[in-house]
Amino acid sequence: MGPNENSSKCGTIVTQLIQIIKEISSMSECKNSSKRIYSNLVRRVKLLSPLFEELVDKEDDEMKFLPVDQLHAFESLKIALISAKDLLKWVQESSKLYQAVQRDKISSEFLHIAEQIEEALSKVSYNKLDISEEVQEQIGLVHAHFQRAKARTESTDLQLEMDITKVQDEADPDAAVLMRLSQNLHLLTMDDLRKESRAFHEMVITSSSDLGDSFEMMSSLFKKLNDYLLTVNPEVDMSAVDKSMIKHRSPVIPDDFRCPISLELMKDPVIVSTGQTYERSCIQKWLDAGHKTCPKTQQTLLHTALTPNYVLKSLITLWCESNGVELPRTQGACRNRRTSNSTSNCDKAAIGALLKKLANGNIEEKRAAAGEFRLLGKRNADNRVCIAEAGAIPLLVELLSSPDSRTQEHAVTALLNLSINDMNKSIIVNAGAIQDIVEVLKNGSMEARENAAATLFSLSVVDENKVAIGASGAIPALINLLIQGTPRGKKDAATAIFNLSIYQGNKVRAVREGIVGPLMRFLKEVDGGMVDEALAILAILASHPEGKISIGQAEPISLLVEFIRTGSPRNRENAAAVLWSLCMGDVKHLKLAKELNAEQVLKELSENGTDRAKRKASSLLEFLERVEDAAD
């Protein structure tokens with residue numbers, strides 16, 4: 001390389017470095033969970049500025065003799081700083097929720113950048129640059145900062161970790177926890193959440209890899225923060241909306257009406273091959289980006305055809321009309337298509353004939369008709385729509401009170417099959433079925449009781465129904481079936497109890513009705529086949545204070561530690577969740593876990609468990625360390 005070429009190249013790269021450092025130094029303040037590590041990197045890079053400002057002030061004849069190895073060092077530093085700028089920009093623009101749930105991954109990215117910068121600085125020989133001692137001293141200090149930064153990881157924000165875990169695991173998180181999380185993530189207004197929704201949406205669409213459990217966790221956190229902000233501040237963002245147009249509190253959008261990608265109300269819901277529903281434009285972008293999996297389940301798509309979800313679209317329209325929300329556009333065309341196609345695969349004449357028998361026949365005819373509806377409802381989705389549209393559901397509900405046990409079995413099973421259709425769930429509930437189904441659950445034949453439990457589970461998928469089912473006296477009857485039923489009946493009862501207990505009031509009912517005792521017996525009967533269900537229910541009950549007390553009184557710590565040691569991945573996760581709830585703020589349980597050598601199994605779980613299990617295990621290990629420190 002000739003002198004002139006060397007001088008030109010040196011001047012160019014120094015100018016480029018000055019420009020990159022200025023761009024990084026002028027970046028706006030970070031307002032999310034990456035704030036500290038972001039600020040540290042910006043501050044350290046900014047301190048490099050005097051070195052290159054002094055070099056660029058030198059005359060060309062001084063620059064032309066800069067050694068080649070120093071030029072290479074500057075080139076390496078430029079590459080590292082460009083990477084730093086890109087990372088900082090990504091932190092500013094990307095999803096705050098993603099950064100919160102992937103704190104370890106983000107920290108690793110910053111650590112890698114610090115290593116790159118430190119390596120480049122280590123190649124710079126300050127005595128060859130002819131710079132002042134003052135500047136040499138400052139750059140030496142910056143270099144030392146980067147050396148320390150690459151040698152240690154950022155300390156965990158334990159409060160943030162605990163808040164995210166609580167909000168994620170509890171169906172109805174405490175408002176104080178939601179407020180603290182909202183403040184820590186700087187998601188304080190509905191405008192903040194709209195920006196977060198766009199960032200989340202863009203990240204899902206452009207992601208080159210699957211998001212795994214992060215997708216579900218982020219969706220759950222977003223929904224709960226959204227509902228919290230609507231509750232505490234229903235008239236937010238008044239600068240963007242005319243106050244006179246806001247006549248009442250903004251309605252909370254049901255989770256089933258939100259697109260899992262955009263987290264916003266769906267206008268044109270479509271179904272993919274895995275059975276999941278998305279907003280058409282969002283899933284189409286996902287597919288156009290080359291993805292071959294379902295974003296929510298991560299399953300491989302068997303095909304890329306998108307099937308309109310007319311039932312859900314109709315429910316969304318009804319909800320919008322009831323809550324004064326602007327109706328989704330293009331709704332009419334979709335409704336017309338549904339009318340012309342929805343009954344193409346069902347026999348209206350046969351259904352009509354059965355309906356007459358159900359309404360006006362004798363006992364044998366009604367029994368036979370209910371049995372036929374039971375089979376038709378099981379056969380396909382079109383039949384379920386046709387049977388409901390024909391008006392059979394109220395008649396089937398009446399037969400739940402039949403003194404004939406076989407008729408009762410047919411009726412409850414037919415309703416179970418019809419409830420698979422989401423729109424039919426509301427028709428069944430509006431026909432007054434819940435109380436009658438509970439009566440079947442209490443007094444019917446074993447088959448009828450099993451199918452009654454399964455029907456209650458199906459109806460409880462809708463959140464409002466959880467409240468009504470719990471208030472109907474279903475939980476004591478489900479607990480009886482859990483204790484007395486066949487293996488299938490026990491599983492049906494456990495599944496229904498688990499889903500109902502997502503609602504806080506039902507947790508209390510289940511605990512007060514004595515569910516903890518049977519669940520603990522199932523845990524001790526390792527070959528009984530109910531361990532999975534028992535641990536899952538205990539994990540959800542333990543999040544409530546009364547549940548925590550009741551479970552703690554059963555002295556489960558040794559059993560839980562054993563399941564963490566030897567159980568399946570799902571059982572280890574749920575056992576860790578129960579143990580975490582019991583040990584939160586309870587020194588007695590922490591000490592007992594420590595005496596049982598829980599630390600060893602928790603360390604293994606924190607490395608090899610599911611994502612949720614790792615979080616619980618890591619948090620428990622920190623609790624145990626604190627107990628040890630306090631004892632010392």
# chains A, B, ... in the order shown; residues from 1 in each chain; ligands from 1
$ residues_around --residues "Ala534 of chain A" --least-positions-apart "3" --cutoff "9 Å" --atoms "only C-alpha atoms" --output "count of residues only"
12
$ residues_around --residues "Ile393 of chain A" --least-positions-apart "3" --cutoff "9 Å" --atoms "only C-alpha atoms" --output "JSON, numbers by chain"
{"A": [387, 388, 389, 390, 396, 397, 398, 414, 415, 418, 424, 427, 428, 431]}
$ select_by_dssp --residues "segment 107-316 of chain A" --states "helix (DSSP H, G or I)" --output "ChimeraX atom specification"
/A:107-122,126-128,133-151,158-169,175-184,190-206,213-232,243-245,255-257,280-288,310-316
$ residues_around --residues "Ser618 of chain A" --least-positions-apart "6" --cutoff "8 Å" --atoms "only C-alpha atoms" --output "PyMOL selection string"
chain A and resi 602-603+606
